[in-house]
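Taking it in order: structure first as C-alpha cells, then the write-up.
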Amino acid sequence: SPSTGSPTPSADEGTVPAGYLGGWATAIDNASGTHPRRLTIAQGEVGETVLTLVADGPTDTGTYHCVFAAALTAEPGADGPLRLGPSRVTTGPSTSCAPGGSSTVTLLPDGSLERTNDDTGESLVYTRG
C-alpha cells in the first residue's frame with residue numbers, strides 16, 4: 001500500500017495523550033458536607049465520549065448520585081489539553097443532576113489534572129486515583 005506519511009491508527013488507539021488516561025478523584029467540601037467526584041478518561045477520537053464523571057454527595061433530603069459523560073470536541077496536541085463538549089447526564093435525577101457546559105482538561109506540572117468550565121471559568125483539580 002502507498003505511504004501517506006503518517007501511520008494509520010488501529011481501532012483501539014485514539015487521540016487522547018496517555019498521561020490523561022485513567023481514573024482521577026477529588027472532593028468538594030461545602031456547608032452540606034463532602035461531595036466526592038470520580039473522573040475517568042478513556043481513549044477515543046473526536047466526537048466520541050472520552051470523559052465519564054461520577055458525582056456523589058449529601059443533599060437536604062438524603063444523597064445524590066449522578067453520572068455524566070462528555071465527548072472530545074477537538075484533536076488534542078501531544079500534551080493536551082483536552083477540549084470537551086457539554087456534559088450530558090447518563091444516570092441520576094434531573095432534580096440533582098444538571099448537565100454542564102463545555103470544558104477544558106489540562107495536565108498540571110505536579111501530575112494532577114485540572115478541569116475548567118469554559119463558560120464560568122470554575123475549575124476542579126483531580127489527583128490520580
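Just so we're on the same page: first chain in the C-alpha cells is A, next is B, and so on; residues restart at 1 for each chain, and ligands are numbered from 1 in the order they show up.
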- Looking only at strand (DSSP E) from DSSP on the backbone, list the matching residues of chain A as number ranges by chain. A: 22-30, 33-41, 49-59, 62-71, 82-84, 88-91, 103-107, 113-117, 123-128
Suppose we keep C-alpha atoms; can you now write the selection as a JSON list (two decimals), in the first residue's frame?
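Result saved to part-v8.json:
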[["chain", "number", "residue", "atom", "x", "y", "z"],
["A", 22, "GLY", "CA", -7.36, 6.51, 33.74],
["A", 23, "GLY", "CA", -9.10, 7.46, 36.94],
["A", 24, "TRP", "CA", -8.90, 10.76, 38.81],
["A", 25, "ALA", "CA", -10.54, 11.85, 42.07],
["A", 26, "THR", "CA", -11.35, 14.99, 44.03],
["A", 27, "ALA", "CA", -13.92, 16.22, 46.53],
["A", 28, "ILE", "CA", -15.86, 19.43, 47.02],
["A", 29, "ASP", "CA", -16.41, 20.47, 50.62],
["A", 30, "ASN", "CA", -19.22, 22.90, 51.41],
["A", 33, "GLY", "CA", -20.74, 18.15, 53.50],
["A", 34, "THR", "CA", -18.20, 16.41, 51.29],
["A", 35, "HIS", "CA", -19.07, 15.71, 47.65],
["A", 36, "PRO", "CA", -16.67, 13.17, 46.06],
["A", 37, "ARG", "CA", -16.02, 13.30, 42.32],
["A", 38, "ARG", "CA", -14.50, 10.49, 40.25],
["A", 39, "LEU", "CA", -13.45, 11.29, 36.71],
["A", 40, "THR", "CA", -12.38, 8.66, 34.19],
["A", 41, "ILE", "CA", -10.74, 9.50, 30.88],
["A", 49, "THR", "CA", -17.23, 10.04, 24.65],
["A", 50, "VAL", "CA", -13.89, 10.09, 26.47],
["A", 51, "LEU", "CA", -14.86, 11.51, 29.88],
["A", 52, "THR", "CA", -17.13, 9.97, 32.50],
["A", 53, "LEU", "CA", -17.74, 11.78, 35.79],
["A", 54, "VAL", "CA", -19.40, 10.25, 38.85],
["A", 55, "ALA", "CA", -20.64, 12.81, 41.37],
["A", 56, "ASP", "CA", -21.98, 11.83, 44.81],
["A", 57, "GLY", "CA", -22.82, 13.71, 47.95],
["A", 58, "PRO", "CA", -25.31, 14.77, 50.57],
["A", 59, "THR", "CA", -28.47, 16.81, 49.95],
["A", 62, "GLY", "CA", -30.55, 12.43, 51.54],
["A", 63, "THR", "CA", -27.85, 11.88, 48.95],
["A", 64, "TYR", "CA", -27.38, 12.19, 45.22],
["A", 65, "HIS", "CA", -25.60, 10.03, 42.65],
["A", 66, "CYS", "CA", -25.03, 11.47, 39.18],
["A", 67, "VAL", "CA", -23.09, 10.13, 36.21],
["A", 68, "PHE", "CA", -22.09, 12.46, 33.38],
["A", 69, "ALA", "CA", -20.40, 11.87, 30.03],
["A", 70, "ALA", "CA", -18.64, 14.27, 27.65],
["A", 71, "ALA", "CA", -17.22, 13.89, 24.16],
["A", 82, "LEU", "CA", -8.48, 18.02, 26.05],
["A", 83, "ARG", "CA", -11.41, 20.08, 24.77],
["A", 84, "LEU", "CA", -14.71, 18.53, 25.76],
["A", 88, "ARG", "CA", -24.83, 15.02, 29.49],
["A", 89, "VAL", "CA", -26.45, 13.19, 32.38],
["A", 90, "THR", "CA", -26.37, 9.41, 31.87],
["A", 91, "THR", "CA", -27.57, 8.44, 35.38],
["A", 103, "SER", "CA", -14.79, 22.19, 29.49],
["A", 104, "THR", "CA", -11.03, 22.03, 29.06],
["A", 105, "VAL", "CA", -8.93, 19.38, 30.81],
["A", 106, "THR", "CA", -5.22, 20.12, 31.38],
["A", 107, "LEU", "CA", -2.43, 18.10, 32.98],
["A", 113, "LEU", "CA", -5.42, 17.17, 36.32],
["A", 114, "GLU", "CA", -7.49, 20.38, 36.10],
["A", 115, "ARG", "CA", -10.94, 20.53, 34.51],
["A", 116, "THR", "CA", -12.16, 24.07, 33.81],
["A", 117, "ASN", "CA", -15.69, 25.01, 32.77],
["A", 123, "SER", "CA", -12.24, 24.57, 37.87],
["A", 124, "LEU", "CA", -11.56, 21.49, 39.95],
["A", 125, "VAL", "CA", -8.19, 19.80, 40.36],
["A", 126, "TYR", "CA", -8.13, 16.00, 40.45],
["A", 127, "THR", "CA", -5.38, 13.64, 41.59],
["A", 128, "ARG", "CA", -4.73, 10.23, 40.10]]
- Could you please determine the separation between atom CA of A:Gly111 and atom CA of A:Leu21 in Å, to one decimal place? 12.2 Å
- Item | atom CA of A:Asp60 to atom CA of A:Gly129, distance in Å rounded to a single decimal | 28.7 Å
- Interatomic distance (Å, one decimal) between atom CA of A:Gly121 and atom CA of A:Thr61: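 Result for atom CA of A:Gly121 versus atom CA of A:Thr61: 29.6 Å, one decimal.
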